[in-house]
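Before any comments, here is the structure.
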Amino acid sequence: MFAWPSASPPWLALLRRLVVAAASLALVATLVFATFEWLADPAALRLGRGASPEALTALRAAMGLDLPVGTRLLEHVARAMTFDFGTSHARGAPAGQLMLQALVPTLAYALPGWLLGTAAAIAGGLAAARRRRFDRALLGLSTLVISTSSVIVVALAQHLLAHRLGWFPVLGWPLGGAGTSPLAYVVLPALVWALLQWGPDVRHYRAVFERELAAPHLDGLRARGVPERRVARHVLRAAVGPIVARIGQRLAHVVVGSVVIEELFNIPGLGALLVAAIHEADAALVQAIAVATAAVTIVGQALCDGVVWLVDPRVRRGDVT
Amino acid sequence: MRPALGRLGWLALGGIGGFVVLALGAAAGLWAQAWDVPVGRPYMSPGTGAWLGTDALGYDLWAQALQGARVSLVAGGGGALGAVSVGGVLGAWAGLRGGWTDRLLSGATDAFAAVPPVVALLAVALALGPGVATVVLAIAATQWTGVFRAARAEGQRLRAADYYRAAQAMGAGTFHQIGWHVVPALRPVLLSALVVLFAHAVKVEALLAYLGASAPELPSWGKLLARSGSELARGVWWPTLAASAPLALLVLCAQVLADRWRRSVG
């Protein structure tokens, strides 16, 4: 039975959340600004090495770079907080738009990979916590995945499954090739993503389920002859908090994507865009990606806390945090 | 305090020690000196003169793999140490003080943790330019938030503990408190975080080297991996092996050690 919460939302906690969220975004924007301020002069970057001092001064004035640092910082942070990131100087398009374009390919492989990895990790964690037999094997496998650098996992998967066995196309993004279904290009990156995420997650869920399985109310259920399948449902319900929290943490990774996967599979996603933007010292683009992903992280965490608050009556009553 | 590591734990510790010895020897010039001069034809297969074969320029891969341990160990150890000291000090301070100190520090940490680690890593790498110091700083700057939370929780527990309050009531000085109560209370948590972060930092170094942000003058496993991708497709598997086997082995040792440690400490 799903009882609708009768307690009123914790307004004070919500207010604190909003303040922290705004401060986070301001801090991120400031950090990126400081990084670029410290690193390089955008006007000099745009004109190149042989620029005359007069042209440089003129461009600096036109770009507003001759204003005091404090003024520019405030203006910059205020614009970033309203998600107005300006124009990417290397690509000549609005940074926000470029970022949204790159988000589509990233989500195309990261979202299925994320779902698959999470489902497999929850199932594996539950199996490992309940049966000794699976425990050793799953923990060993997870240790192996964690110990292998993502670069190695991606390169090996691509080599073995695509090059050698030919089960998947090696690389290429649906826009380029005809003849193969666009789905085929997404499957292997998604599988690799799921494996990389499964390694650490399965240990996390195993620890969560181990704690929940030791709870005394389960002994009560079993003593009354409730079948194991039903007991597992009670375990899952009680473990919703930590599970949702972990899923929320992973959300930020999904949005940035994997730099390695995108590089090796030649996917024009957000991770690849970030690396390119950093190599080009593209302040507007880096700013856009950093602030937007931070915003997604914050909103995702807030959503997860909301879900836990709705589902778990213990959290509503303030029994557990 | 001597946690029981078990046979596997000691084996892992020995493995890390072996890597340290190999790296020290390579740094001191005892072995693996011929890593930046050709020793034979390009793409010699393993066993024919060079233990692990040669790469595209005829350089010895065994020597490069040994030299690569230097960067990995320094970056892993330095990054983990940096993250643990920053996170540990700030976290202990926030947990022991409580009140507004705690609120401000926790809020700042939450704000910091909201930046996805990849973004922060690459931004730091860009700001400082390629180098080992960059990698150490980037790892420390992105990993301290987790240590902060663990140290803060431990600090809060200590703050409420009877023996600590008794010591305060008896007028124990700040330095006595830190040396006699705070450091011993935090030691298990921080040491455990140190080993876990070491494993993580070695992987991060490989990733940064793969992306071209690590030390330009020294060979590293990540750089070897970046070059070996196209060779693997042509059937030249030994550069990939020379880079990935030591990397995976070192991280595996650290990971096993971290698990054993955590289990024995509790």
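For the structure tokens, the naming scheme is as follows: chains receive sequential letters (A, B, ...) according to their order of presentation, residues are indexed from 1 within each chain, and ligands are indexed from 1 in presentation order.
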
Next on the checklist: as a PyMOL selection string, could you give me every residue of chain B near chain A (at most 9 Å apart, counting only C-alpha atoms)?
Outcome noted: chain B and resi 107-108+110-120+122-124+126-128+199-200+202-204+206-207+210-211+222+225-226+229+232-233+240+244+247-256

Checklist entry - Can you list, as an NGL selection string, every protein, DNA or RNA residue that comes within 12 Å of B:Ala185 when you count only C-alpha atoms, leaving out same-chain residues fewer than 3 positions away? => result :B and (1 or 88 or 92 or 96 or 150-159 or 161 or 163-164 or 177-182 or 188-191)

Pull the closest atom pair for each residue of stretch 213-276 of chain A that gets at most 10 Å from stretch 116-125 of chain A, along with the distance in Å to one decimal, counting only C-alpha atoms, ordering rows by chain and then ascending residue number, as a tab-separated table.
```
residue	atom	partner	partner_atom	distance
A:Leu236	CA	A:Ile122	CA	9.4
A:Ile243	CA	A:Ile122	CA	8.2
A:Arg246	CA	A:Thr118	CA	9.3
A:Ile247	CA	A:Thr118	CA	7.5
A:Arg250	CA	A:Thr118	CA	9.3
```

How would the residues just picked look written out with N, CA, C and O atoms as a JSON list (two decimals), in the first residue's frame?
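Produced file out.json, reproduced below:
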```json
[["chain", "number", "residue", "atom", "x", "y", "z"],
["A", 236, "LEU", "N", 14.01, -4.72, -0.72],
["A", 236, "LEU", "CA", 14.15, -3.70, -1.77],
["A", 236, "LEU", "C", 13.52, -2.39, -1.33],
["A", 236, "LEU", "O", 14.09, -1.32, -1.50],
["A", 243, "ILE", "N", 19.72, 3.22, -2.69],
["A", 243, "ILE", "CA", 19.73, 2.91, -4.13],
["A", 243, "ILE", "C", 19.48, 4.19, -4.93],
["A", 243, "ILE", "O", 20.21, 4.50, -5.88],
["A", 246, "ARG", "N", 22.41, 6.56, -4.97],
["A", 246, "ARG", "CA", 23.47, 6.15, -5.89],
["A", 246, "ARG", "C", 23.10, 6.47, -7.34],
["A", 246, "ARG", "O", 23.92, 6.95, -8.11],
["A", 247, "ILE", "N", 21.83, 6.18, -7.67],
["A", 247, "ILE", "CA", 21.37, 6.47, -9.03],
["A", 247, "ILE", "C", 21.52, 7.96, -9.31],
["A", 247, "ILE", "O", 21.95, 8.38, -10.39],
["A", 250, "ARG", "N", 25.00, 8.95, -10.13],
["A", 250, "ARG", "CA", 25.40, 8.52, -11.47],
["A", 250, "ARG", "C", 24.86, 9.42, -12.55],
["A", 250, "ARG", "O", 25.36, 9.43, -13.67]]
```

List every residue of stretch 37-168 of chain B that DSSP, applied to the backbone, labels as strand (DSSP E or B), and write the result as a compact mmCIF listing (two decimals) with N, CA and C atoms, in the first residue's frame.
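Once written, out08.txt looks like this:
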```txt
# COMPACT_ATOMS: atom_id res chain seq x y z
N PRO B 38 66.46 3.84 -29.51
CA PRO B 38 66.07 2.61 -30.19
C PRO B 38 67.01 1.46 -29.82
N THR B 54 59.38 -4.25 -29.03
CA THR B 54 59.65 -2.83 -29.23
C THR B 54 58.43 -2.16 -29.83
N TYR B 59 61.82 1.37 -29.72
CA TYR B 59 62.17 1.55 -28.32
C TYR B 59 61.75 0.32 -27.53
N ASP B 60 62.51 0.03 -26.48
CA ASP B 60 62.24 -1.13 -25.64
C ASP B 60 60.99 -0.89 -24.79
```

Checklist entry - How many Å lie between atom CA of A:Leu67 and atom CA of A:Leu285, rounded to one decimal? => result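 Between atom CA of A:Leu67 and atom CA of A:Leu285 the gap works out to 21.8 Å.
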
Can you tell me which residues surround A:Ile261 at a distance of at most 8 Å, considering only C-alpha atoms, apart from same-chain residues fewer than 3 positions away, and format the answer as an mmCIF file with C-alpha atoms, in the first residue's frame?
```
data_model
loop_
_atom_site.group_PDB
_atom_site.id
_atom_site.type_symbol
_atom_site.label_atom_id
_atom_site.label_comp_id
_atom_site.auth_asym_id
_atom_site.auth_seq_id
_atom_site.Cartn_x
_atom_site.Cartn_y
_atom_site.Cartn_z
ATOM 1 C CA VAL A 154 37.044 0.273 -23.772
ATOM 2 C CA PRO A 189 29.291 1.785 -26.221
ATOM 3 C CA TRP A 193 29.308 1.888 -20.159
ATOM 4 C CA SER A 258 32.652 9.075 -20.948
ATOM 5 C CA LEU A 264 37.536 5.553 -29.083
ATOM 6 C CA PHE A 265 34.138 5.126 -30.699
ATOM 7 C CA ASN A 266 34.308 8.540 -32.337
ATOM 8 C CA ILE A 267 31.014 9.709 -30.863
#
```

Next on the checklist: Can you measure atom CA of A:Ser8 to atom CA of A:Gly318 for me? One decimal in Å is fine.
Outcome noted: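 Value for the atom CA of A:Ser8-atom CA of A:Gly318 distance: 12.3 Å.
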
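Reported to one decimal place, the separation of atom CA of B:Thr134 from atom CA of B:Ala213 is 8.0 Å.
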
Checklist entry - Among stretch 22-234 of chain B, which residues carry a DSSP assignment of alpha helix (DSSP H), reported as number ranges by chain? => result B: 22-28, 61-97, 99-113, 117-128, 132-160, 162-169, 174-177, 183-210, 221-233

Next on the checklist: Neighbouring residues of A:Pro112 were defined as those with any atom within 12 Å, considering only C-alpha atoms; residues of the same chain fewer than 2 positions away were excluded. Please report them as number ranges by chain.
Outcome noted: A: 105-110, 114-119, 183, 186-195, 197, 254, 257

Requested write-out: N, CA and C atoms of the selected residues, as a PDB file, in the first residue's frame:
```pdb
ATOM      1  N   PRO A 105      24.027  12.689 -28.741  1.00  0.00           N
ATOM      2  CA  PRO A 105      24.797  11.448 -28.877  1.00  0.00           C
ATOM      3  C   PRO A 105      25.224  10.857 -27.540  1.00  0.00           C
ATOM      4  N   THR A 106      25.570  11.721 -26.584  1.00  0.00           N
ATOM      5  CA  THR A 106      25.986  11.204 -25.282  1.00  0.00           C
ATOM      6  C   THR A 106      24.856  10.429 -24.625  1.00  0.00           C
ATOM      7  N   LEU A 107      23.669  11.040 -24.606  1.00  0.00           N
ATOM      8  CA  LEU A 107      22.546  10.361 -23.965  1.00  0.00           C
ATOM      9  C   LEU A 107      22.183   9.086 -24.712  1.00  0.00           C
ATOM     10  N   ALA A 108      22.412   9.061 -26.026  1.00  0.00           N
ATOM     11  CA  ALA A 108      22.024   7.898 -26.830  1.00  0.00           C
ATOM     12  C   ALA A 108      22.713   6.630 -26.342  1.00  0.00           C
ATOM     13  N   TYR A 109      23.980   6.731 -25.895  1.00  0.00           N
ATOM     14  CA  TYR A 109      24.614   5.504 -25.394  1.00  0.00           C
ATOM     15  C   TYR A 109      24.663   5.474 -23.876  1.00  0.00           C
ATOM     16  N   ALA A 110      24.755   6.649 -23.234  1.00  0.00           N
ATOM     17  CA  ALA A 110      24.941   6.650 -21.779  1.00  0.00           C
ATOM     18  C   ALA A 110      23.658   6.280 -21.043  1.00  0.00           C
ATOM     19  N   TRP A 114      23.427   3.266 -18.618  1.00  0.00           N
ATOM     20  CA  TRP A 114      23.169   3.591 -17.213  1.00  0.00           C
ATOM     21  C   TRP A 114      22.056   2.701 -16.653  1.00  0.00           C
ATOM     22  N   LEU A 115      20.949   2.586 -17.437  1.00  0.00           N
ATOM     23  CA  LEU A 115      19.827   1.759 -16.989  1.00  0.00           C
ATOM     24  C   LEU A 115      20.262   0.310 -16.833  1.00  0.00           C
ATOM     25  N   LEU A 116      20.958  -0.194 -17.860  1.00  0.00           N
ATOM     26  CA  LEU A 116      21.397  -1.585 -17.838  1.00  0.00           C
ATOM     27  C   LEU A 116      22.359  -1.833 -16.678  1.00  0.00           C
ATOM     28  N   GLY A 117      23.339  -0.933 -16.526  1.00  0.00           N
ATOM     29  CA  GLY A 117      24.335  -1.098 -15.456  1.00  0.00           C
ATOM     30  C   GLY A 117      23.682  -1.070 -14.090  1.00  0.00           C
ATOM     31  N   THR A 118      22.725  -0.148 -13.907  1.00  0.00           N
ATOM     32  CA  THR A 118      22.065  -0.054 -12.605  1.00  0.00           C
ATOM     33  C   THR A 118      21.256  -1.308 -12.312  1.00  0.00           C
ATOM     34  N   ALA A 119      20.478  -1.762 -13.303  1.00  0.00           N
ATOM     35  CA  ALA A 119      19.657  -2.961 -13.090  1.00  0.00           C
ATOM     36  C   ALA A 119      20.557  -4.160 -12.774  1.00  0.00           C
ATOM     37  N   LEU A 183      21.095   1.854 -34.520  1.00  0.00           N
ATOM     38  CA  LEU A 183      21.101   1.224 -33.209  1.00  0.00           C
ATOM     39  C   LEU A 183      22.400   0.460 -32.982  1.00  0.00           C
ATOM     40  N   VAL A 186      25.273   2.106 -31.272  1.00  0.00           N
ATOM     41  CA  VAL A 186      25.079   2.522 -29.885  1.00  0.00           C
ATOM     42  C   VAL A 186      25.234   1.346 -28.928  1.00  0.00           C
ATOM     43  N   VAL A 187      25.015   0.125 -29.433  1.00  0.00           N
ATOM     44  CA  VAL A 187      24.939  -1.025 -28.532  1.00  0.00           C
ATOM     45  C   VAL A 187      26.253  -1.258 -27.786  1.00  0.00           C
ATOM     46  N   LEU A 188      27.359  -1.310 -28.510  1.00  0.00           N
ATOM     47  CA  LEU A 188      28.627  -1.629 -27.843  1.00  0.00           C
ATOM     48  C   LEU A 188      29.048  -0.537 -26.850  1.00  0.00           C
ATOM     49  N   PRO A 189      28.993   0.764 -27.239  1.00  0.00           N
ATOM     50  CA  PRO A 189      29.291   1.785 -26.221  1.00  0.00           C
ATOM     51  C   PRO A 189      28.399   1.674 -24.992  1.00  0.00           C
ATOM     52  N   ALA A 190      27.120   1.369 -25.209  1.00  0.00           N
ATOM     53  CA  ALA A 190      26.209   1.257 -24.066  1.00  0.00           C
ATOM     54  C   ALA A 190      26.603   0.074 -23.187  1.00  0.00           C
ATOM     55  N   LEU A 191      26.978  -1.049 -23.819  1.00  0.00           N
ATOM     56  CA  LEU A 191      27.379  -2.226 -23.038  1.00  0.00           C
ATOM     57  C   LEU A 191      28.640  -1.927 -22.230  1.00  0.00           C
ATOM     58  N   VAL A 192      29.607  -1.253 -22.869  1.00  0.00           N
ATOM     59  CA  VAL A 192      30.847  -0.925 -22.170  1.00  0.00           C
ATOM     60  C   VAL A 192      30.558   0.001 -21.003  1.00  0.00           C
ATOM     61  N   TRP A 193      29.689   0.975 -21.241  1.00  0.00           N
ATOM     62  CA  TRP A 193      29.308   1.888 -20.159  1.00  0.00           C
ATOM     63  C   TRP A 193      28.709   1.095 -18.994  1.00  0.00           C
ATOM     64  N   ALA A 194      27.798   0.174 -19.330  1.00  0.00           N
ATOM     65  CA  ALA A 194      27.134  -0.605 -18.289  1.00  0.00           C
ATOM     66  C   ALA A 194      28.161  -1.398 -17.486  1.00  0.00           C
ATOM     67  N   LEU A 195      29.135  -1.984 -18.171  1.00  0.00           N
ATOM     68  CA  LEU A 195      30.147  -2.779 -17.465  1.00  0.00           C
ATOM     69  C   LEU A 195      30.981  -1.894 -16.544  1.00  0.00           C
ATOM     70  N   GLN A 197      30.187   0.848 -15.169  1.00  0.00           N
ATOM     71  CA  GLN A 197      29.404   1.330 -14.037  1.00  0.00           C
ATOM     72  C   GLN A 197      29.076   0.195 -13.083  1.00  0.00           C
ATOM     73  N   VAL A 254      26.247  10.429 -16.384  1.00  0.00           N
ATOM     74  CA  VAL A 254      25.529  10.164 -17.629  1.00  0.00           C
ATOM     75  C   VAL A 254      25.528  11.402 -18.501  1.00  0.00           C
ATOM     76  N   GLY A 257      28.967  12.028 -19.942  1.00  0.00           N
ATOM     77  CA  GLY A 257      29.396  10.942 -20.803  1.00  0.00           C
ATOM     78  C   GLY A 257      30.787  10.501 -20.441  1.00  0.00           C
TER      79      GLY A 257
END
```

Next on the checklist: Excluding B:Ala215 and its own-chain neighbours fewer than 2 positions away, which residues fall within 7 Å of it when counting only C-alpha atoms? Please give them as a ChimeraX atom specification.
Outcome noted: /B:130-132,213,217-218

Checklist entry - Hey, what's within 8 Å of A:Leu213 if we count only C-alpha atoms and toss same-chain stuff fewer than 2 positions away? As a PyMOL selection string, please? => result chain A and resi 129-130+209-211+215+218+235

Let me see the file: selected residues, all heavy atoms, as a PDB file, in the first residue's frame.
```
ATOM      1  N   ALA A 129      24.563 -10.576  -1.800  1.00  0.00           N
ATOM      2  CA  ALA A 129      24.295 -10.444  -0.373  1.00  0.00           C
ATOM      3  C   ALA A 129      23.530 -11.644   0.157  1.00  0.00           C
ATOM      4  O   ALA A 129      23.616 -11.980   1.341  1.00  0.00           O
ATOM      5  CB  ALA A 129      23.508  -9.157  -0.112  1.00  0.00           C
ATOM      6  N   ARG A 130      22.761 -12.313  -0.713  1.00  0.00           N
ATOM      7  CA  ARG A 130      21.927 -13.416  -0.225  1.00  0.00           C
ATOM      8  C   ARG A 130      22.627 -14.761  -0.311  1.00  0.00           C
ATOM      9  O   ARG A 130      22.388 -15.634   0.516  1.00  0.00           O
ATOM     10  CB  ARG A 130      20.624 -13.463  -1.017  1.00  0.00           C
ATOM     11  CG  ARG A 130      19.694 -12.344  -0.643  1.00  0.00           C
ATOM     12  CD  ARG A 130      18.486 -12.324  -1.516  1.00  0.00           C
ATOM     13  NE  ARG A 130      17.565 -13.386  -1.175  1.00  0.00           N
ATOM     14  CZ  ARG A 130      16.472 -13.658  -1.884  1.00  0.00           C
ATOM     15  NH1 ARG A 130      16.217 -12.954  -2.956  1.00  0.00           N
ATOM     16  NH2 ARG A 130      15.669 -14.611  -1.518  1.00  0.00           N
ATOM     17  N   PHE A 209      22.462  -4.077   0.663  1.00  0.00           N
ATOM     18  CA  PHE A 209      21.567  -5.211   0.891  1.00  0.00           C
ATOM     19  C   PHE A 209      22.020  -6.046   2.078  1.00  0.00           C
ATOM     20  O   PHE A 209      21.205  -6.607   2.794  1.00  0.00           O
ATOM     21  CB  PHE A 209      21.481  -6.075  -0.362  1.00  0.00           C
ATOM     22  CG  PHE A 209      20.679  -5.448  -1.450  1.00  0.00           C
ATOM     23  CD1 PHE A 209      21.173  -5.342  -2.738  1.00  0.00           C
ATOM     24  CD2 PHE A 209      19.421  -4.935  -1.186  1.00  0.00           C
ATOM     25  CE1 PHE A 209      20.434  -4.744  -3.733  1.00  0.00           C
ATOM     26  CE2 PHE A 209      18.675  -4.335  -2.181  1.00  0.00           C
ATOM     27  CZ  PHE A 209      19.193  -4.242  -3.452  1.00  0.00           C
ATOM     28  N   GLU A 210      23.326  -6.125   2.278  1.00  0.00           N
ATOM     29  CA  GLU A 210      23.812  -6.898   3.413  1.00  0.00           C
ATOM     30  C   GLU A 210      23.297  -6.277   4.717  1.00  0.00           C
ATOM     31  O   GLU A 210      22.878  -6.972   5.634  1.00  0.00           O
ATOM     32  CB  GLU A 210      25.339  -6.903   3.405  1.00  0.00           C
ATOM     33  CG  GLU A 210      25.926  -8.064   4.175  1.00  0.00           C
ATOM     34  CD  GLU A 210      27.364  -8.296   3.798  1.00  0.00           C
ATOM     35  OE1 GLU A 210      28.126  -7.319   3.818  1.00  0.00           O
ATOM     36  OE2 GLU A 210      27.709  -9.441   3.475  1.00  0.00           O
ATOM     37  N   ARG A 211      23.324  -4.933   4.754  1.00  0.00           N
ATOM     38  CA  ARG A 211      22.842  -4.251   5.938  1.00  0.00           C
ATOM     39  C   ARG A 211      21.343  -4.490   6.112  1.00  0.00           C
ATOM     40  O   ARG A 211      20.863  -4.765   7.210  1.00  0.00           O
ATOM     41  CB  ARG A 211      23.144  -2.754   5.793  1.00  0.00           C
ATOM     42  CG  ARG A 211      23.207  -2.023   7.104  1.00  0.00           C
ATOM     43  CD  ARG A 211      23.827  -0.650   6.920  1.00  0.00           C
ATOM     44  NE  ARG A 211      23.193   0.132   5.890  1.00  0.00           N
ATOM     45  CZ  ARG A 211      23.841   0.784   4.934  1.00  0.00           C
ATOM     46  NH1 ARG A 211      25.153   0.739   4.883  1.00  0.00           N
ATOM     47  NH2 ARG A 211      23.206   1.493   4.036  1.00  0.00           N
ATOM     48  N   ALA A 215      18.445  -6.887   9.022  1.00  0.00           N
ATOM     49  CA  ALA A 215      17.458  -6.177   9.839  1.00  0.00           C
ATOM     50  C   ALA A 215      16.547  -7.166  10.555  1.00  0.00           C
ATOM     51  O   ALA A 215      16.135  -8.176   9.975  1.00  0.00           O
ATOM     52  CB  ALA A 215      16.633  -5.246   8.947  1.00  0.00           C
ATOM     53  N   LEU A 218      13.009  -8.696   9.249  1.00  0.00           N
ATOM     54  CA  LEU A 218      12.951  -9.783   8.274  1.00  0.00           C
ATOM     55  C   LEU A 218      12.810 -11.131   8.974  1.00  0.00           C
ATOM     56  O   LEU A 218      12.109 -12.024   8.485  1.00  0.00           O
ATOM     57  CB  LEU A 218      14.202  -9.776   7.395  1.00  0.00           C
ATOM     58  CG  LEU A 218      14.400  -8.511   6.564  1.00  0.00           C
ATOM     59  CD1 LEU A 218      15.660  -8.616   5.743  1.00  0.00           C
ATOM     60  CD2 LEU A 218      13.205  -8.281   5.672  1.00  0.00           C
ATOM     61  N   VAL A 235      12.996  -6.119   1.463  1.00  0.00           N
ATOM     62  CA  VAL A 235      14.388  -5.655   1.477  1.00  0.00           C
ATOM     63  C   VAL A 235      14.560  -4.516   0.476  1.00  0.00           C
ATOM     64  O   VAL A 235      15.141  -3.472   0.778  1.00  0.00           O
ATOM     65  CB  VAL A 235      15.345  -6.819   1.147  1.00  0.00           C
ATOM     66  CG1 VAL A 235      16.759  -6.299   0.997  1.00  0.00           C
ATOM     67  CG2 VAL A 235      15.278  -7.871   2.229  1.00  0.00           C
TER      68      VAL A 235
END
```
